[in-house]
Amino acid sequence: MQLNEIIKSRILIFGSNGMLGQRLTEFFLNQNVELLTSSFEEFSYIQEAEYKQCDITDRIKTKKLIFDFYPDYIINAAAYTNVDKSEFEKENAWRVNVKAVEYISQAARVLDSHIIHISSDYIFDGENGPYLENATPNPIGYYGRTKLASENVLKLYAVKHTIIRTNVLYGPTQYGRPDFVKWVIDSLKNKNQIRIVTDQINNPTFIDDLVQAIAKIIELKKEGIYNIGGQDFLSRYDFTMMIADYFGLDKDLVTPILTKDLNQPARRPLKSGLITIKAQSEIGYRPHSYLETFKIIKEEFNL
Ligand SMILES: NC(=O)c1ccc[n+]([C@@H]2O[C@H](COP(=O)([O-])OP(=O)(O)OC[C@H]3O[C@@H](n4cnc5c(N)ncnc54)[C@H](OP(=O)(O)O)[C@@H]3O)[C@@H](O)[C@H]2O)c1
């Protein structure tokens, strides 16, 4: 993809060691931009990238990092993402997902930087999804409440911003925890029984499609809210069956269950997913089909 419009734009990525952050870093390293990456750890997973460690809950350090780099764009892919732990570690979750967005916004407002912030379908209750961008949020768990509050921070601070809502990220990353697809493949290859819910409906998002959408938003300087998700809506169980089929794995190892049987601390939105018509028409968003993404994953992981 050519990014003619953003020649030597200065792009700062927070959360660069995360699942999305790694792929964003790899993508922007190969573009004609000035890139600075930052995450919680002392070191960068992606060695080639310029990197500064920063705990974004540290207001002074976060603002100094932003002022020193003077970014045109700040992509915030950092977050406290453990949905269940958020129920117990509320203060931590709030500091990372909300307070830190305030600090980023305070600096961005001074520099007139454009923040691209990643949000989630967990801001909805999952009663009547899939959702459009203007649907009414009603989070049913603490993680979802922090993500909704993070969106409101951007609006309150009146900074230039784009909120990208996405759901169930998957796709290869070199480091860190495996994504859902890799976890299913590894589990079934190792003959482990796995229990997968039949009542959570989403449109899982291939991370590289999300990266392309973010690049397009920068290229076209789009502000506002955009849903980014996969082509089709399906249950996590059906998604797992598609994975097992494609990779020739034993489907009998997959047991269908209901979300309530998992007894998880945080409630999950069940009938969820994000309608992407706006992204399709305004930024030309064209997600791969699930089978196309499995082919890419197969090649990249050498499976
Ligand atoms: N994964 C999904 O299915 C999904 C679905 C919808 C929306 N989202 C949103 O998409 C974004 C990216 O998600 P992801 O799955 O890529 O998340 P991830 O893999 O958990 O990565 C999050 C990153 O944020 C960093 N981070 C956490 N606390 C920090 C702090 N205090 N200071 C600096 N960095 C900190 C983490 O560092 P450590 O690893 O050291 O903690 C990690 O590198 C998030 O905003 C998430 O809410 C994700």
# chains A, B, ... in the order shown; residues from 1 in each chain; ligands from 1

call {"tool": "select_by_dssp", "arguments": {"residues": "stretch 75-269 of chain A", "states": "alpha helix (DSSP H)", "output": "number ranges by chain"}}
result
A: 90-94, 100-111, 142-156, 180-189, 207-219, 236-246

call {"tool": "closest_atom_pairs", "arguments": {"of": "chain A", "to": "ligand 1", "cutoff": "6 Å", "atoms": "only C-alpha atoms and all ligand atoms", "output": "Markdown table"}}
result
| residue | atom | partner | partner_atom_place_in_ligand_line | distance |
| --- | --- | --- | --- | --- |
| A:Gly15 | CA | ligand 1 | 24 (O) | 3.9 |
| A:Ser16 | CA | ligand 1 | 43 (O) | 5.7 |
| A:Asn17 | CA | ligand 1 | 43 (O) | 4.0 |
| A:Gly18 | CA | ligand 1 | 21 (O) | 3.2 |
| A:Met19 | CA | ligand 1 | 16 (O) | 3.6 |
| A:Leu20 | CA | ligand 1 | 16 (O) | 3.8 |
| A:Gly21 | CA | ligand 1 | 16 (O) | 5.8 |
| A:Ser39 | CA | ligand 1 | 34 (N) | 4.3 |
| A:Phe40 | CA | ligand 1 | 33 (C) | 3.9 |
| A:Glu41 | CA | ligand 1 | 40 (O) | 5.4 |
| A:Cys54 | CA | ligand 1 | 33 (C) | 5.6 |
| A:Asp55 | CA | ligand 1 | 32 (N) | 3.5 |
| A:Ile56 | CA | ligand 1 | 32 (N) | 4.0 |
| A:Thr57 | CA | ligand 1 | 31 (N) | 5.1 |
| A:Ala77 | CA | ligand 1 | 12 (C) | 4.5 |
| A:Ala78 | CA | ligand 1 | 24 (O) | 3.2 |
| A:Ala79 | CA | ligand 1 | 24 (O) | 4.5 |
| A:Tyr80 | CA | ligand 1 | 27 (C) | 5.0 |
| A:Thr81 | CA | ligand 1 | 20 (O) | 4.9 |
| A:Val96 | CA | ligand 1 | 31 (N) | 5.2 |
| A:Ile118 | CA | ligand 1 | 45 (O) | 4.5 |
| A:Ser119 | CA | ligand 1 | 7 (C) | 5.2 |
| A:Ser120 | CA | ligand 1 | 7 (C) | 4.0 |
| A:Thr166 | CA | ligand 1 | 6 (C) | 4.6 |
| A:Asn167 | CA | ligand 1 | 6 (C) | 3.9 |
| A:Val168 | CA | ligand 1 | 3 (O) | 3.4 |
| A:Leu169 | CA | ligand 1 | 3 (O) | 3.9 |

call {"tool": "atom_distance", "arguments": {"atom1": "atom CA of A:Asn76", "atom2": "atom CA of A:Ile104"}}
result
8.8 Å

call {"tool": "residues_around", "arguments": {"residues": "stretch 233-240 of chain A", "least_positions_apart": "4", "cutoff": "10 Å", "atoms": "only C-alpha atoms", "output": "compact mmCIF listing (two decimals) with N, CA and C atoms, in the first residue's frame"}}
result
# COMPACT_ATOMS: atom_id res chain seq x y z
N GLY A 129 -26.96 -6.92 18.93
CA GLY A 129 -25.97 -6.66 17.90
C GLY A 129 -26.31 -7.40 16.63
N PRO A 130 -25.56 -7.20 15.53
CA PRO A 130 -24.38 -6.35 15.45
C PRO A 130 -24.73 -4.87 15.46
N VAL A 168 -12.70 -9.13 18.72
CA VAL A 168 -11.99 -10.43 18.57
C VAL A 168 -10.86 -10.36 17.53
N PHE A 180 -6.35 -16.19 19.03
CA PHE A 180 -7.35 -17.25 19.13
C PHE A 180 -7.12 -18.37 18.11
N VAL A 181 -6.81 -18.00 16.88
CA VAL A 181 -6.65 -19.01 15.82
C VAL A 181 -5.46 -19.92 16.13
N VAL A 184 -6.30 -22.27 18.96
CA VAL A 184 -7.14 -23.41 18.53
C VAL A 184 -6.27 -24.43 17.80
N ILE A 185 -5.45 -23.96 16.87
CA ILE A 185 -4.61 -24.89 16.09
C ILE A 185 -3.69 -25.66 17.03
N ILE A 194 -11.04 -28.83 23.78
CA ILE A 194 -11.33 -27.43 24.07
C ILE A 194 -12.84 -27.20 24.09
N ARG A 195 -13.27 -26.31 24.98
CA ARG A 195 -14.69 -25.97 25.10
C ARG A 195 -14.90 -24.59 24.52
N ILE A 196 -15.80 -24.50 23.56
CA ILE A 196 -15.97 -23.22 22.85
C ILE A 196 -17.45 -22.82 22.87
N VAL A 197 -17.67 -21.54 23.11
CA VAL A 197 -19.05 -21.07 23.29
C VAL A 197 -19.79 -20.95 21.95
N THR A 198 -21.06 -21.34 22.01
CA THR A 198 -21.91 -21.27 20.81
C THR A 198 -22.76 -20.00 20.80
N ASP A 199 -22.76 -19.28 21.94
CA ASP A 199 -23.71 -18.16 22.05
C ASP A 199 -23.04 -16.79 22.04
N GLN A 200 -21.76 -16.72 21.69
CA GLN A 200 -21.13 -15.40 21.50
C GLN A 200 -20.94 -15.17 20.00
N ILE A 201 -21.66 -14.19 19.50
CA ILE A 201 -21.63 -13.90 18.05
C ILE A 201 -20.83 -12.62 17.80
N ASN A 202 -19.92 -12.71 16.87
CA ASN A 202 -19.07 -11.56 16.51
C ASN A 202 -18.72 -11.61 15.04
N ASN A 203 -17.96 -10.62 14.59
CA ASN A 203 -17.24 -10.74 13.32
C ASN A 203 -15.76 -10.54 13.60
N PRO A 204 -15.05 -11.64 13.92
CA PRO A 204 -13.64 -11.55 14.30
C PRO A 204 -12.83 -10.76 13.25
N GLY A 229 -14.30 -4.74 11.54
CA GLY A 229 -14.48 -6.15 11.90
C GLY A 229 -14.35 -7.02 10.67
N ALA A 244 -10.76 -25.51 12.32
CA ALA A 244 -10.44 -26.95 12.35
C ALA A 244 -10.54 -27.56 10.96
N ASP A 245 -11.60 -27.17 10.24
CA ASP A 245 -11.79 -27.66 8.86
C ASP A 245 -10.62 -27.29 7.97
N TYR A 246 -10.27 -26.00 8.00
CA TYR A 246 -9.25 -25.49 7.08
C TYR A 246 -7.89 -26.14 7.36
N LYS A 251 -12.21 -32.22 14.77
CA LYS A 251 -13.29 -31.39 15.30
C LYS A 251 -13.96 -32.01 16.52
N VAL A 254 -13.55 -30.51 19.97
CA VAL A 254 -14.19 -29.23 20.32
C VAL A 254 -15.58 -29.49 20.90
N THR A 255 -15.77 -29.09 22.14
CA THR A 255 -17.07 -29.27 22.80
C THR A 255 -17.84 -27.96 22.80
N PRO A 256 -19.07 -27.97 22.26
CA PRO A 256 -19.86 -26.72 22.32
C PRO A 256 -20.39 -26.49 23.73
N ILE A 257 -20.27 -25.26 24.19
CA ILE A 257 -20.82 -24.91 25.51
C ILE A 257 -21.46 -23.52 25.45
N LEU A 258 -22.13 -23.17 26.54
CA LEU A 258 -22.72 -21.84 26.64
C LEU A 258 -21.83 -20.96 27.52
N LEU A 270 -23.25 -11.03 24.22
CA LEU A 270 -23.43 -12.27 23.45
C LEU A 270 -23.72 -11.99 21.98
N LYS A 271 -24.81 -11.28 21.73
CA LYS A 271 -25.16 -11.00 20.33
C LYS A 271 -24.49 -9.68 19.95
N SER A 272 -23.25 -9.80 19.54
CA SER A 272 -22.46 -8.59 19.30
C SER A 272 -21.98 -8.55 17.85
N GLY A 273 -20.82 -7.93 17.63
CA GLY A 273 -20.30 -7.75 16.28
C GLY A 273 -20.49 -6.31 15.83
N LEU A 274 -19.72 -5.92 14.83
CA LEU A 274 -19.68 -4.52 14.41
C LEU A 274 -19.92 -4.42 12.90
N ILE A 275 -20.92 -3.65 12.54
CA ILE A 275 -21.25 -3.45 11.12
C ILE A 275 -20.26 -2.45 10.52
N TYR A 290 -12.62 -15.06 5.88
CA TYR A 290 -11.93 -15.85 6.90
C TYR A 290 -11.00 -16.87 6.27

call {"tool": "select_by_dssp", "arguments": {"residues": "stretch 109-271 of chain A", "states": "strand (DSSP E)", "output": "PyMOL selection string"}}
result
chain A and resi 114-120+160-166+169-170+194-197+201-202+205-206+224-228+234-235+254-257

call {"tool": "write_last_selection", "arguments": {"atoms": "N, CA and C atoms", "output": "CSV table (one decimal), in the first residue's frame"}}
result
chain,number,residue,atom,x,y,z
A,114,HIS,N,-3.2,14.2,16.1
A,114,HIS,CA,-4.4,13.4,15.8
A,114,HIS,C,-4.3,12.1,16.5
A,115,ILE,N,-5.2,11.8,17.4
A,115,ILE,CA,-5.2,10.5,18.2
A,115,ILE,C,-6.0,9.5,17.5
A,116,ILE,N,-5.5,8.3,17.2
A,116,ILE,CA,-6.3,7.2,16.7
A,116,ILE,C,-6.3,6.2,17.9
A,117,HIS,N,-7.5,6.0,18.4
A,117,HIS,CA,-7.7,5.3,19.6
A,117,HIS,C,-8.5,4.0,19.3
A,118,ILE,N,-8.0,2.9,19.9
A,118,ILE,CA,-8.7,1.6,19.6
A,118,ILE,C,-9.7,1.3,20.7
A,119,SER,N,-11.0,1.1,20.4
A,119,SER,CA,-12.0,0.8,21.3
A,119,SER,C,-12.6,-0.6,21.0
A,120,SER,N,-13.7,-0.9,21.6
A,120,SER,CA,-14.1,-2.3,21.6
A,120,SER,C,-15.7,-2.4,21.5
A,160,LYS,N,-8.3,16.3,18.1
A,160,LYS,CA,-8.5,15.6,16.8
A,160,LYS,C,-8.4,14.1,17.1
A,161,HIS,N,-9.5,13.4,16.8
A,161,HIS,CA,-9.4,12.0,17.1
A,161,HIS,C,-10.2,11.1,16.2
A,162,THR,N,-9.8,9.8,16.1
A,162,THR,CA,-10.6,8.8,15.5
A,162,THR,C,-10.7,7.6,16.4
A,163,ILE,N,-12.0,7.2,16.7
A,163,ILE,CA,-12.2,6.0,17.5
A,163,ILE,C,-12.4,4.8,16.6
A,164,ILE,N,-11.6,3.8,16.8
A,164,ILE,CA,-11.8,2.6,16.0
A,164,ILE,C,-12.3,1.5,16.9
A,165,ARG,N,-13.6,1.1,16.7
A,165,ARG,CA,-14.1,0.0,17.5
A,165,ARG,C,-13.9,-1.3,16.7
A,166,THR,N,-13.3,-2.3,17.5
A,166,THR,CA,-13.1,-3.6,16.8
A,166,THR,C,-13.5,-4.7,17.7
A,169,LEU,N,-9.8,-9.8,18.0
A,169,LEU,CA,-8.6,-9.7,17.1
A,169,LEU,C,-7.9,-11.0,16.9
A,170,TYR,N,-7.5,-11.3,15.7
A,170,TYR,CA,-6.8,-12.6,15.5
A,170,TYR,C,-5.8,-12.4,14.3
A,194,ILE,N,-11.0,-28.8,23.8
A,194,ILE,CA,-11.3,-27.4,24.1
A,194,ILE,C,-12.8,-27.2,24.1
A,195,ARG,N,-13.3,-26.3,25.0
A,195,ARG,CA,-14.7,-26.0,25.1
A,195,ARG,C,-14.9,-24.6,24.5
A,196,ILE,N,-15.8,-24.5,23.6
A,196,ILE,CA,-16.0,-23.2,22.8
A,196,ILE,C,-17.5,-22.8,22.9
A,197,VAL,N,-17.7,-21.5,23.1
A,197,VAL,CA,-19.1,-21.1,23.3
A,197,VAL,C,-19.8,-20.9,21.9
A,201,ILE,N,-21.7,-14.2,19.5
A,201,ILE,CA,-21.6,-13.9,18.1
A,201,ILE,C,-20.8,-12.6,17.8
A,202,ASN,N,-19.9,-12.7,16.9
A,202,ASN,CA,-19.1,-11.6,16.5
A,202,ASN,C,-18.7,-11.6,15.0
A,205,THR,N,-11.9,-10.0,13.8
A,205,THR,CA,-11.1,-9.1,12.9
A,205,THR,C,-9.7,-9.6,12.7
A,206,PHE,N,-9.3,-9.7,11.5
A,206,PHE,CA,-7.9,-10.1,11.1
A,206,PHE,C,-7.1,-8.8,11.4
A,224,GLY,N,-13.7,10.8,13.8
A,224,GLY,CA,-15.0,10.2,14.1
A,224,GLY,C,-14.9,8.8,14.6
A,225,ILE,N,-15.9,8.0,14.4
A,225,ILE,CA,-16.0,6.6,14.9
A,225,ILE,C,-16.1,5.7,13.7
A,226,TYR,N,-15.3,4.7,13.7
A,226,TYR,CA,-15.3,3.7,12.6
A,226,TYR,C,-15.3,2.3,13.2
A,227,ASN,N,-16.3,1.5,12.8
A,227,ASN,CA,-16.3,0.0,13.2
A,227,ASN,C,-15.3,-0.7,12.2
A,228,ILE,N,-14.5,-1.6,12.8
A,228,ILE,CA,-13.7,-2.4,11.9
A,228,ILE,C,-13.8,-3.9,12.4
A,234,LEU,N,-20.5,-14.7,13.1
A,234,LEU,CA,-20.7,-16.1,13.4
A,234,LEU,C,-20.3,-16.4,14.9
A,235,SER,N,-20.8,-17.5,15.4
A,235,SER,CA,-20.5,-17.8,16.8
A,235,SER,C,-19.0,-18.2,16.9
A,254,VAL,N,-13.6,-30.5,20.0
A,254,VAL,CA,-14.2,-29.2,20.3
A,254,VAL,C,-15.6,-29.5,20.9
A,255,THR,N,-15.8,-29.1,22.1
A,255,THR,CA,-17.1,-29.3,22.8
A,255,THR,C,-17.8,-28.0,22.8
A,256,PRO,N,-19.1,-28.0,22.3
A,256,PRO,CA,-19.9,-26.7,22.3
A,256,PRO,C,-20.4,-26.5,23.7
A,257,ILE,N,-20.3,-25.3,24.2
A,257,ILE,CA,-20.8,-24.9,25.5
A,257,ILE,C,-21.5,-23.5,25.4

call {"tool": "residues_around", "arguments": {"residues": "A:Ser38", "least_positions_apart": "5", "cutoff": "6 Å", "atoms": "only C-alpha atoms", "output": "ChimeraX atom specification"}}
result
/A:14,16,51-53

call {"tool": "closest_residue", "arguments": {"among": "A:Thr146, A:Ile46, A:Asp112, A:Gln264", "to": "A:Tyr175", "atoms": "only C-alpha atoms"}}
result
A:Ile46

call {"tool": "residues_around", "arguments": {"residues": "A:Phe28", "least_positions_apart": "2", "cutoff": "10 Å", "atoms": "only C-alpha atoms", "output": "ChimeraX atom specification"}}
result
/A:3,11,13,23-26,30-36,49,211,215

call {"tool": "write_last_selection", "arguments": {"atoms": "C-alpha atoms", "output": "CSV table (one decimal), in the first residue's frame"}}
result
chain,number,residue,atom,x,y,z
A,3,LEU,CA,0.9,6.2,1.7
A,11,ILE,CA,3.7,8.5,14.0
A,13,ILE,CA,2.5,4.0,18.6
A,23,ARG,CA,1.7,-5.6,13.5
A,24,LEU,CA,1.3,-1.8,13.3
A,25,THR,CA,5.0,-1.4,14.1
A,26,GLU,CA,6.0,-3.9,11.3
A,30,ASN,CA,8.1,-0.1,5.9
A,31,GLN,CA,6.4,3.2,5.2
A,32,ASN,CA,7.9,6.6,4.5
A,33,VAL,CA,7.1,7.9,8.0
A,34,GLU,CA,9.0,8.9,11.1
A,35,LEU,CA,8.1,6.2,13.6
A,36,LEU,CA,8.4,6.1,17.4
A,49,ALA,CA,11.9,0.2,15.5
A,211,VAL,CA,-3.7,-2.2,10.4
A,215,ALA,CA,-3.3,3.4,7.6

call {"tool": "atom_distance", "arguments": {"atom1": "atom CA of A:Asp121", "atom2": "atom CA of A:Lys147"}}
result
9.1 Å

call {"tool": "residues_around", "arguments": {"residues": "A:Lys189", "least_positions_apart": "2", "cutoff": "12 Å", "atoms": "only C-alpha atoms", "output": "list in words"}}
result
Lys182, Trp183, Val184, Ile185, Asp186, Ser187, Lys191, Asn192, Gln193, Ile194, Ile243, Ala244, Phe247, Gly248, Leu249, Asp250, Lys251, Leu253, Val254 and Leu303 of chain A

call {"tool": "closest_residue", "arguments": {"among": "A:Ile60, A:Ala93, A:Ala279, A:Leu29", "to": "A:Lys8", "atoms": "only C-alpha atoms"}}
result
A:Leu29

call {"tool": "closest_residue", "arguments": {"among": "A:Gly126, A:Leu148, A:His288, A:Glu282", "to": "A:Asp232", "atoms": "only C-alpha atoms"}}
result
A:His288

call {"tool": "closest_residue", "arguments": {"among": "A:Asn302, A:Phe124, A:Tyr143, A:Tyr73", "to": "A:Glu89", "atoms": "only C-alpha atoms"}}
result
A:Tyr143
